[in-house]
Amino acid sequence: MLIERLALALEALDETQSLTISRTGSSGFVSESGSNRFVQFVRFGPGLRAESVGERYLDDGDELTAEQLHQLEALGWLPPDEGGNYWAQWAEAPPFQDVAATALQTLQQVHGVEHVEQLDFSGSGPIVSLLDLSSDLGLVARPTCAVCGKSDSVVELIAPGQRPDGWDTWSSDAQDAYSTRFDPGSWHFISRGIVRNSGSGLDISATKAAVIRHAFHEPLLFEAVHGAGLYDDAGFCAECKVPYCKTHWDPDDGSWGTCPHGHCRSFDPHWSRYDYE
């Protein structure tokens, strides 16, 4: 399962992000202070560079053994370059599943990882959250009105290979239309807003999916939700920092709403006051 999660995380990386997976400790030969054993990844355009720690960065007593060096070669890692780490690189998008499998094999067979609890993930929040095995990949968020508790906004993220919430209640025609129109191997986004909704939704990039997934993890906070870039902030008021339902936004015919505390905002997807701030 972690292989699939790591493959999705690597696909979601962009050029402003990196991901490091390190071993926090391993029974048998790691000191109490831990070890500097890691693999790391960075994207450049569509390509990817992966690295496994080299001897330059390992303390005395934690050097790579002859057997570990042989295993690195067998797994396809190239000898250290000027950066000092073993490496592999792809100019175009690589087979992320294969890269993920190799990285986890390296952590296990070379760096002494014995169970997933020994892994420490370091990188941007949206990327690292994809590797949280305790949470589902997809999500359905229903921000509740701070006044009455009603949910008029719904944000749904469907992971590759999964189906939308309530799929079994869809008509066969709706299921066929969805299956024909959208790529089952892509992330998919569906939203229902205060005034408008996205219908059956749209396929989105892995990078955008990671951002949305991170933004709508409980507890829902305005700063995080606003970072997802939704035109209506899922019903949140920027000043109150809480969501309201359609009744308590009371939008007019022009999709301009006012919250119970007198703060105004547009619910028109083609206009936002943030464009002028």
# chains A, B, ... in the order shown; residues from 1 in each chain; ligands from 1

$ residues_around --residues "Leu133 in chain A" --least-positions-apart "2" --cutoff "12 Å" --atoms "only C-alpha atoms" --output "VMD selection string"
chain A and resid 1 to 6 116 to 117 119 128 to 131 135 to 137

$ closest_atom_pairs --of "range 225-272 of chain A" --to "range 172-196 of chain A" --cutoff "9 Å" --atoms "only C-alpha atoms" --output "tab-separated table"
residue	atom	partner	partner_atom	distance
A:Asp232	CA	A:Gly193	CA	7.0
A:Asp233	CA	A:Gly193	CA	8.8
A:Ala234	CA	A:Gly193	CA	6.2
A:Gly235	CA	A:Ile194	CA	6.3
A:Tyr244	CA	A:Ile194	CA	8.8
A:Cys245	CA	A:Ile194	CA	6.8
A:Lys246	CA	A:Ile194	CA	5.3
A:Trp249	CA	A:Ile194	CA	8.2
A:Pro251	CA	A:Val195	CA	7.7
A:Ser255	CA	A:Val195	CA	6.8
A:Phe267	CA	A:Val195	CA	6.4
A:Asp268	CA	A:Val195	CA	8.0
A:Pro269	CA	A:Arg196	CA	8.2

$ write_last_selection --atoms "C-alpha atoms" --output "PDB file, in the first residue's frame"
ATOM      1  CA  ASP A 232     -15.869  30.398  -3.089  1.00  0.00           C
ATOM      2  CA  ASP A 233     -13.585  29.074  -0.307  1.00  0.00           C
ATOM      3  CA  ALA A 234     -16.197  26.355   0.278  1.00  0.00           C
ATOM      4  CA  GLY A 235     -18.487  28.856   1.968  1.00  0.00           C
ATOM      5  CA  TYR A 244     -21.833  29.638   6.469  1.00  0.00           C
ATOM      6  CA  CYS A 245     -24.673  27.980   4.557  1.00  0.00           C
ATOM      7  CA  LYS A 246     -26.583  29.534   1.664  1.00  0.00           C
ATOM      8  CA  TRP A 249     -24.845  34.052   3.160  1.00  0.00           C
ATOM      9  CA  PRO A 251     -26.689  35.641  -1.949  1.00  0.00           C
ATOM     10  CA  SER A 255     -24.213  35.841  -6.568  1.00  0.00           C
ATOM     11  CA  PHE A 267     -19.890  33.546  -5.261  1.00  0.00           C
ATOM     12  CA  ASP A 268     -19.390  34.098  -8.987  1.00  0.00           C
ATOM     13  CA  PRO A 269     -16.656  31.685 -10.195  1.00  0.00           C
TER      14      PRO A 269
END

$ closest_residue --among "A:Cys259, A:Ala50, A:Ala9, A:Ile127" --to "Ala215 in chain A" --atoms "only C-alpha atoms"
A:Ile127

$ select_by_dssp --residues "range 151-226 of chain A" --states "helix (DSSP H, G or I)" --output "VMD selection string"
chain A and resid 167 to 169 172 to 181 206 to 215 222 to 226

$ write_last_selection --atoms "N, CA and C atoms" --output "mmCIF file, in the first residue's frame"
data_model
loop_
_atom_site.group_PDB
_atom_site.id
_atom_site.type_symbol
_atom_site.label_atom_id
_atom_site.label_comp_id
_atom_site.auth_asym_id
_atom_site.auth_seq_id
_atom_site.Cartn_x
_atom_site.Cartn_y
_atom_site.Cartn_z
ATOM 1 N N TRP A 167 -21.787 6.361 -5.018
ATOM 2 C CA TRP A 167 -21.810 5.804 -6.370
ATOM 3 C C TRP A 167 -22.960 4.816 -6.572
ATOM 4 N N ASP A 168 -23.213 4.006 -5.582
ATOM 5 C CA ASP A 168 -24.257 2.980 -5.716
ATOM 6 C C ASP A 168 -25.646 3.580 -5.864
ATOM 7 N N THR A 169 -25.809 4.833 -5.498
ATOM 8 C CA THR A 169 -27.126 5.477 -5.626
ATOM 9 C C THR A 169 -27.279 6.191 -6.967
ATOM 10 N N SER A 172 -27.767 4.144 -13.590
ATOM 11 C CA SER A 172 -26.830 3.472 -14.492
ATOM 12 C C SER A 172 -26.387 4.409 -15.609
ATOM 13 N N ASP A 173 -27.264 5.288 -16.063
ATOM 14 C CA ASP A 173 -26.887 6.255 -17.104
ATOM 15 C C ASP A 173 -25.827 7.229 -16.578
ATOM 16 N N ALA A 174 -26.000 7.696 -15.342
ATOM 17 C CA ALA A 174 -25.030 8.619 -14.760
ATOM 18 C C ALA A 174 -23.687 7.931 -14.543
ATOM 19 N N GLN A 175 -23.721 6.675 -14.116
ATOM 20 C CA GLN A 175 -22.482 5.926 -13.932
ATOM 21 C C GLN A 175 -21.766 5.720 -15.261
ATOM 22 N N ASP A 176 -22.528 5.377 -16.296
ATOM 23 C CA ASP A 176 -21.927 5.164 -17.621
ATOM 24 C C ASP A 176 -21.324 6.456 -18.160
ATOM 25 N N ALA A 177 -22.042 7.563 -17.981
ATOM 26 C CA ALA A 177 -21.539 8.848 -18.472
ATOM 27 C C ALA A 177 -20.252 9.235 -17.755
ATOM 28 N N TYR A 178 -20.219 9.041 -16.449
ATOM 29 C CA TYR A 178 -19.016 9.357 -15.670
ATOM 30 C C TYR A 178 -17.843 8.475 -16.116
ATOM 31 N N SER A 179 -18.079 7.182 -16.242
ATOM 32 C CA SER A 179 -17.018 6.238 -16.604
ATOM 33 C C SER A 179 -16.485 6.497 -17.997
ATOM 34 N N THR A 180 -17.360 6.963 -18.896
ATOM 35 C CA THR A 180 -16.942 7.239 -20.273
ATOM 36 C C THR A 180 -16.189 8.549 -20.380
ATOM 37 N N ARG A 181 -16.608 9.540 -19.627
ATOM 38 C CA ARG A 181 -16.056 10.895 -19.766
ATOM 39 C C ARG A 181 -14.730 11.076 -19.055
ATOM 40 N N ALA A 206 -2.174 15.513 -10.156
ATOM 41 C CA ALA A 206 -1.805 14.980 -8.847
ATOM 42 C C ALA A 206 -1.342 16.093 -7.919
ATOM 43 N N THR A 207 -0.667 17.098 -8.484
ATOM 44 C CA THR A 207 -0.187 18.216 -7.671
ATOM 45 C C THR A 207 -1.358 18.981 -7.067
ATOM 46 N N LYS A 208 -2.371 19.300 -7.883
ATOM 47 C CA LYS A 208 -3.543 20.005 -7.394
ATOM 48 C C LYS A 208 -4.313 19.143 -6.394
ATOM 49 N N ALA A 209 -4.400 17.848 -6.642
ATOM 50 C CA ALA A 209 -5.098 16.955 -5.723
ATOM 51 C C ALA A 209 -4.441 16.955 -4.349
ATOM 52 N N ALA A 210 -3.112 16.963 -4.314
ATOM 53 C CA ALA A 210 -2.404 16.975 -3.031
ATOM 54 C C ALA A 210 -2.713 18.243 -2.251
ATOM 55 N N VAL A 211 -2.801 19.365 -2.956
ATOM 56 C CA VAL A 211 -3.106 20.644 -2.306
ATOM 57 C C VAL A 211 -4.515 20.614 -1.713
ATOM 58 N N ILE A 212 -5.493 20.149 -2.505
ATOM 59 C CA ILE A 212 -6.877 20.093 -2.039
ATOM 60 C C ILE A 212 -7.007 19.126 -0.871
ATOM 61 N N ARG A 213 -6.375 17.990 -0.980
ATOM 62 C CA ARG A 213 -6.458 16.986 0.085
ATOM 63 C C ARG A 213 -5.916 17.535 1.398
ATOM 64 N N HIS A 214 -4.798 18.221 1.323
ATOM 65 C CA HIS A 214 -4.190 18.795 2.527
ATOM 66 C C HIS A 214 -5.064 19.915 3.085
ATOM 67 N N ALA A 215 -5.646 20.719 2.204
ATOM 68 C CA ALA A 215 -6.440 21.871 2.636
ATOM 69 C C ALA A 215 -7.701 21.461 3.382
ATOM 70 N N PHE A 222 -9.848 28.186 7.837
ATOM 71 C CA PHE A 222 -9.946 29.066 6.679
ATOM 72 C C PHE A 222 -8.622 29.184 5.940
ATOM 73 N N GLU A 223 -7.516 29.390 6.655
ATOM 74 C CA GLU A 223 -6.238 29.599 5.988
ATOM 75 C C GLU A 223 -5.875 28.424 5.088
ATOM 76 N N ALA A 224 -6.128 27.214 5.572
ATOM 77 C CA ALA A 224 -5.832 26.027 4.775
ATOM 78 C C ALA A 224 -6.789 25.905 3.597
ATOM 79 N N VAL A 225 -8.085 26.067 3.857
ATOM 80 C CA VAL A 225 -9.087 25.956 2.798
ATOM 81 C C VAL A 225 -8.849 27.012 1.718
ATOM 82 N N HIS A 226 -8.544 28.227 2.118
ATOM 83 C CA HIS A 226 -8.277 29.296 1.143
ATOM 84 C C HIS A 226 -7.091 28.943 0.258
#

$ residues_around --residues "Gly45 in chain A" --least-positions-apart "5" --cutoff "9 Å" --atoms "only C-alpha atoms" --output "list of chain:residue names"
A:Asp14, A:Glu15, A:Ala91, A:Glu92, A:Ala93

$ closest_residue --among "A:Gly54, A:Gly138, A:Pro219, A:Gly112" --to "Val155 in chain A" --atoms "only C-alpha atoms"
A:Gly138

$ residues_around --residues "Ser151 in chain A" --least-positions-apart "3" --cutoff "8 Å" --atoms "only C-alpha atoms" --output "list of chain:residue names"
A:Arg142, A:Pro143, A:Thr144, A:Cys145, A:Val154, A:Cys245

$ select_by_dssp --residues "range 101-254 of chain A" --states "strand (DSSP E)" --output "PyMOL selection string"
chain A and resi 119-123+139-141+154-158+187-192+202-204

$ write_last_selection --atoms "C-alpha atoms" --output "PDB file, in the first residue's frame"
ATOM      1  CA  LEU A 119      10.130   5.933   8.341  1.00  0.00           C
ATOM      2  CA  ASP A 120      10.160   9.691   8.672  1.00  0.00           C
ATOM      3  CA  PHE A 121       8.724  11.757   5.806  1.00  0.00           C
ATOM      4  CA  SER A 122       9.955  15.306   5.255  1.00  0.00           C
ATOM      5  CA  GLY A 123       8.582  17.701   2.640  1.00  0.00           C
ATOM      6  CA  LEU A 139     -12.089  12.765   0.880  1.00  0.00           C
ATOM      7  CA  VAL A 140     -15.521  14.278   1.208  1.00  0.00           C
ATOM      8  CA  ALA A 141     -15.586  17.566   3.144  1.00  0.00           C
ATOM      9  CA  VAL A 154     -19.389  19.879  -0.448  1.00  0.00           C
ATOM     10  CA  VAL A 155     -15.862  19.214  -1.666  1.00  0.00           C
ATOM     11  CA  GLU A 156     -15.072  15.726  -2.912  1.00  0.00           C
ATOM     12  CA  LEU A 157     -11.695  14.386  -4.032  1.00  0.00           C
ATOM     13  CA  ILE A 158     -11.686  10.987  -5.737  1.00  0.00           C
ATOM     14  CA  TRP A 187      -7.545  12.297  -9.575  1.00  0.00           C
ATOM     15  CA  HIS A 188     -11.049  13.717  -9.839  1.00  0.00           C
ATOM     16  CA  PHE A 189     -12.619  16.747  -8.152  1.00  0.00           C
ATOM     17  CA  ILE A 190     -16.292  17.469  -7.518  1.00  0.00           C
ATOM     18  CA  SER A 191     -17.648  20.485  -5.679  1.00  0.00           C
ATOM     19  CA  ARG A 192     -21.021  21.861  -4.698  1.00  0.00           C
ATOM     20  CA  LEU A 202     -13.313  17.337 -13.587  1.00  0.00           C
ATOM     21  CA  ASP A 203     -10.033  15.419 -13.671  1.00  0.00           C
ATOM     22  CA  ILE A 204      -7.169  17.295 -11.977  1.00  0.00           C
TER      23      ILE A 204
END

$ decode --residues "range 253-265 of chain A" --atoms "all heavy atoms" --output "CSV table (one decimal), in the first residue's frame"
chain,number,residue,atom,x,y,z
A,253,ASP,N,-29.2,37.9,-6.7
A,253,ASP,CA,-29.3,37.3,-8.0
A,253,ASP,C,-27.9,37.4,-8.7
A,253,ASP,O,-27.6,36.6,-9.6
A,253,ASP,CB,-30.3,38.0,-8.9
A,253,ASP,CG,-31.7,37.7,-8.4
A,253,ASP,OD1,-31.9,36.7,-7.6
A,253,ASP,OD2,-32.7,38.4,-8.7
A,254,GLY,N,-27.1,38.3,-8.3
A,254,GLY,CA,-25.7,38.5,-8.9
A,254,GLY,C,-24.7,37.6,-8.2
A,254,GLY,O,-23.5,37.8,-8.4
A,255,SER,N,-25.1,36.7,-7.3
A,255,SER,CA,-24.2,35.8,-6.6
A,255,SER,C,-23.3,36.6,-5.6
A,255,SER,O,-22.2,36.2,-5.2
A,255,SER,CB,-23.3,35.0,-7.5
A,255,SER,OG,-24.1,34.2,-8.4
A,256,TRP,N,-23.8,37.7,-5.1
A,256,TRP,CA,-23.1,38.5,-4.1
A,256,TRP,C,-23.8,38.2,-2.7
A,256,TRP,O,-24.9,38.5,-2.5
A,256,TRP,CB,-23.1,40.0,-4.4
A,256,TRP,CG,-22.3,40.8,-3.5
A,256,TRP,CD1,-22.8,41.5,-2.4
A,256,TRP,CD2,-20.9,41.1,-3.6
A,256,TRP,NE1,-21.7,42.1,-1.8
A,256,TRP,CE2,-20.6,41.9,-2.5
A,256,TRP,CE3,-19.9,40.7,-4.5
A,256,TRP,CZ2,-19.3,42.4,-2.3
A,256,TRP,CZ3,-18.7,41.2,-4.3
A,256,TRP,CH2,-18.3,42.0,-3.2
A,257,GLY,N,-23.0,37.7,-1.8
A,257,GLY,CA,-23.5,37.3,-0.5
A,257,GLY,C,-23.0,38.1,0.7
A,257,GLY,O,-21.9,38.7,0.6
A,258,THR,N,-23.7,38.2,1.8
A,258,THR,CA,-23.3,38.9,3.0
A,258,THR,C,-23.5,38.0,4.2
A,258,THR,O,-24.6,37.4,4.3
A,258,THR,CB,-24.2,40.2,3.2
A,258,THR,OG1,-24.1,41.0,2.0
A,258,THR,CG2,-23.7,40.9,4.4
A,259,CYS,N,-22.5,37.8,4.9
A,259,CYS,CA,-22.5,36.9,6.1
A,259,CYS,C,-23.3,37.5,7.2
A,259,CYS,O,-23.6,38.7,7.2
A,259,CYS,CB,-21.1,36.4,6.5
A,259,CYS,SG,-20.3,37.6,7.6
A,260,PRO,N,-23.6,36.8,8.3
A,260,PRO,CA,-24.4,37.4,9.4
A,260,PRO,C,-23.7,38.5,10.1
A,260,PRO,O,-24.3,39.3,10.8
A,260,PRO,CB,-24.5,36.2,10.4
A,260,PRO,CG,-24.5,35.0,9.5
A,260,PRO,CD,-23.5,35.3,8.4
A,261,HIS,N,-22.4,38.7,9.9
A,261,HIS,CA,-21.6,39.8,10.5
A,261,HIS,C,-21.4,40.9,9.5
A,261,HIS,O,-20.5,41.8,9.8
A,261,HIS,CB,-20.3,39.3,11.1
A,261,HIS,CG,-20.6,38.3,12.2
A,261,HIS,ND1,-20.9,38.7,13.5
A,261,HIS,CD2,-20.6,36.9,12.2
A,261,HIS,CE1,-21.1,37.6,14.3
A,261,HIS,NE2,-20.9,36.5,13.5
A,262,GLY,N,-22.0,40.9,8.4
A,262,GLY,CA,-21.9,42.0,7.4
A,262,GLY,C,-20.8,42.0,6.5
A,262,GLY,O,-20.5,42.9,5.8
A,263,HIS,N,-20.0,40.9,6.4
A,263,HIS,CA,-18.9,40.7,5.5
A,263,HIS,C,-19.4,40.2,4.1
A,263,HIS,O,-20.2,39.3,4.1
A,263,HIS,CB,-17.8,39.8,6.0
A,263,HIS,CG,-17.4,40.2,7.4
A,263,HIS,ND1,-17.3,39.3,8.5
A,263,HIS,CD2,-16.9,41.3,7.9
A,263,HIS,CE1,-16.9,39.9,9.5
A,263,HIS,NE2,-16.6,41.1,9.2
A,264,CYS,N,-19.0,40.8,3.1
A,264,CYS,CA,-19.5,40.5,1.7
A,264,CYS,C,-18.4,39.7,0.9
A,264,CYS,O,-17.2,39.9,1.1
A,264,CYS,CB,-19.8,41.8,1.0
A,264,CYS,SG,-21.1,42.8,1.8
A,265,ARG,N,-19.0,38.9,0.0
A,265,ARG,CA,-18.1,38.3,-1.0
A,265,ARG,C,-18.9,37.8,-2.2
A,265,ARG,O,-20.1,37.7,-2.1
A,265,ARG,CB,-17.4,37.0,-0.3
A,265,ARG,CG,-18.3,35.9,0.0
A,265,ARG,CD,-17.5,34.6,0.2
A,265,ARG,NE,-16.7,34.3,-1.0
A,265,ARG,CZ,-15.5,33.8,-1.0
A,265,ARG,NH1,-14.9,33.5,0.1
A,265,ARG,NH2,-14.9,33.5,-2.2
